[in-house]
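S.K.: coords.cif is the file, holding mmCIF, C-alpha atoms:
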```cif
data_work
#
loop_
_atom_site.label_atom_id
_atom_site.label_comp_id
_atom_site.auth_asym_id
_atom_site.auth_seq_id
_atom_site.Cartn_x
_atom_site.Cartn_y
_atom_site.Cartn_z
CA MET A 1 88.15 239.71 -12.37
CA TRP A 2 88.66 236.12 -11.29
CA CYS A 3 91.86 236.86 -9.34
CA SER A 4 92.63 239.89 -7.19
CA GLU A 5 95.29 240.86 -4.70
CA ARG A 6 95.11 242.35 -1.20
CA GLY A 7 98.12 242.66 1.05
CA ASP A 8 100.27 239.53 0.92
CA ALA A 9 97.53 237.32 -0.53
CA SER A 10 95.58 236.70 -3.70
CA PHE A 11 91.87 235.97 -3.85
CA LEU A 12 90.38 233.66 -6.46
CA ASN A 13 86.71 233.59 -7.44
CA VAL A 14 86.04 229.93 -8.17
CA ARG A 15 83.13 227.87 -9.50
CA VAL A 16 83.52 224.26 -8.37
CA LYS A 17 82.10 221.35 -10.37
CA PRO A 18 82.19 218.38 -7.96
CA GLY A 19 81.71 214.83 -9.17
CA SER A 20 83.39 215.50 -12.52
CA SER A 21 84.88 212.61 -14.47
CA ARG A 22 88.20 214.48 -14.83
CA GLN A 23 89.84 216.90 -12.42
CA GLY A 24 91.19 220.13 -13.81
CA ILE A 25 91.50 223.89 -13.55
CA GLY A 26 90.12 226.36 -16.08
CA PRO A 27 88.78 227.96 -18.11
CA VAL A 28 87.60 231.30 -16.71
CA GLU A 29 83.91 231.93 -17.39
CA ASN A 30 81.95 234.98 -16.18
CA ASP A 31 84.92 236.08 -14.02
CA LEU A 32 84.95 232.72 -12.21
CA LEU A 33 87.77 230.19 -12.43
CA THR A 34 86.23 226.80 -13.19
CA VAL A 35 87.62 223.90 -11.14
CA ARG A 36 86.47 220.35 -11.87
CA LEU A 37 86.80 217.87 -9.01
CA ASN A 38 86.32 214.10 -8.79
CA ALA A 39 85.20 214.38 -5.17
CA PRO A 40 81.48 214.64 -4.46
CA ALA A 41 79.98 217.62 -2.62
CA VAL A 42 79.44 215.56 0.52
CA GLU A 43 80.81 216.20 4.02
CA GLY A 44 83.35 218.76 2.80
CA ARG A 45 85.17 216.34 0.51
CA ALA A 46 84.94 218.67 -2.49
CA ASN A 47 86.37 221.52 -0.39
CA GLU A 48 89.29 219.34 0.69
CA ALA A 49 89.87 218.28 -2.92
CA LEU A 50 89.77 221.94 -4.05
CA VAL A 51 92.43 222.98 -1.52
CA THR A 52 94.62 219.99 -2.44
CA LEU A 53 94.33 220.59 -6.20
CA LEU A 54 95.03 224.33 -5.94
CA ALA A 55 97.99 223.76 -3.60
CA LYS A 56 99.54 221.29 -6.02
CA ALA A 57 98.90 223.48 -9.09
CA LEU A 58 100.26 226.61 -7.40
CA GLY A 59 103.21 224.90 -5.70
CA VAL A 60 102.26 226.02 -2.18
CA ALA A 61 101.42 224.22 1.04
CA LYS A 62 97.76 223.43 1.69
CA THR A 63 97.96 225.62 4.80
CA LYS A 64 98.48 228.65 2.51
CA ILE A 65 95.05 228.14 0.92
CA GLU A 66 91.80 229.01 2.67
CA ILE A 67 88.19 228.99 1.50
CA VAL A 68 86.96 232.40 2.67
CA THR A 69 83.34 232.26 1.50
CA GLY A 70 81.09 229.67 -0.11
CA GLU A 71 82.01 226.59 1.91
CA LYS A 72 78.57 225.11 1.26
CA GLY A 73 78.09 226.43 -2.29
CA ARG A 74 79.64 225.95 -5.71
CA VAL A 75 80.87 229.55 -5.99
CA LYS A 76 83.71 230.23 -3.57
CA LYS A 77 86.26 232.89 -2.74
CA VAL A 78 89.65 231.30 -2.04
CA ARG A 79 92.59 233.06 -0.38
CA VAL A 80 96.12 232.11 -1.44
CA GLU A 81 98.74 233.45 0.94
CA GLY A 82 102.13 234.57 -0.33
CA LEU A 83 101.44 234.81 -4.08
CA THR A 84 100.58 237.83 -6.19
CA ALA A 85 97.70 237.70 -8.67
CA ARG A 86 100.22 237.60 -11.53
CA GLU A 87 102.05 234.66 -9.94
CA VAL A 88 98.78 232.77 -9.52
CA ALA A 89 97.77 233.40 -13.13
CA SER A 90 101.21 232.42 -14.37
CA ARG A 91 101.34 229.18 -12.36
CA LEU A 92 97.85 228.21 -13.56
CA ASP A 93 98.74 229.30 -17.12
CA ILE A 94 95.62 231.48 -17.30
CA SER A 95 95.58 235.15 -18.26
CA LEU A 96 94.30 237.78 -15.84
#
```
Translate this file's structure into structure tokens.
M.R.:
Amino acid sequence: MWCSERGDASFLNVRVKPGSSRQGIGPVENDLLTVRLNAPAVEGRANEALVTLLAKALGVAKTKIEIVTGEKGRVKKVRVEGLTAREVASRLDISL
């Protein structure tokens, strides 16, 4: 499952595609949420862009989003504080 819930947070399994021509979120493939980013995978810029894009799409502050694992890879686990898995899926318009 691409989105799960523990305590007061949701966890997203994400595959990042840095250096894409268009930014966007979705679809879900192989239980990973695909996120396309304009930023290159250099000096953490793609990670910063990921947090910014997710915060805007979910309507939360950037401080509520944390990359838990995969900071140096394309597959990441991202924690979103204060939203349930259903709320995340609804705000991203993607089914669970």
S.K.: Which value, in Å to one decimal, gives the distance between atom CA of A:Gly26 and atom CA of A:Cys3?
M.R.: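 We find that atom CA of A:Gly26 and atom CA of A:Cys3 lie 12.6 Å from each other.
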S.K.: Compile the contact shell of stretch 11-16 of chain A as a PyMOL selection string: residues with an atom at most 10 Å away, counting all atoms listed in the file, same-chain residues fewer than 4 positions apart removed.
M.R.: chain A and resi 1-6+20+25-26+28-37+41+46-47+50+65-70+73-81+83-85+88-89
S.K.: Ranking A:Gly82, A:Gly7, A:Arg22, A:Asp93 by minimum distance to A:Val60 and counting only C-alpha atoms, which one comes first?
M.R.: A:Gly82
S.K.: Grab the atom CA of A:Glu71 to atom CA of A:Ser21 distance for me, in Å with one decimal place.
M.R.: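 Between atom CA of A:Glu71 and atom CA of A:Ser21 the gap works out to 21.7 Å.
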S.K.: Counting only C-alpha atoms, which residue out of A:Arg86, A:Lys72, A:Lys17, A:Gly24 sits closest to A:Thr52?
M.R.: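 Smallest distance to A:Thr52 is found for A:Gly24.
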S.K.: Quick one: distance from atom CA of A:Val42 to atom CA of A:Ala57 in Å, one decimal?
M.R.: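 Interatomic distance, atom CA of A:Val42 to atom CA of A:Ala57: 23.1 Å.
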S.K.: Go through A:Lys56, A:Ser95, A:Gly19, A:Lys64 and flag the residue nearest A:Asn38, using all atoms listed in the file for the distances.
M.R.: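 Between A:Lys56, A:Ser95, A:Gly19, A:Lys64, the residue approaching A:Asn38 most closely is A:Gly19.
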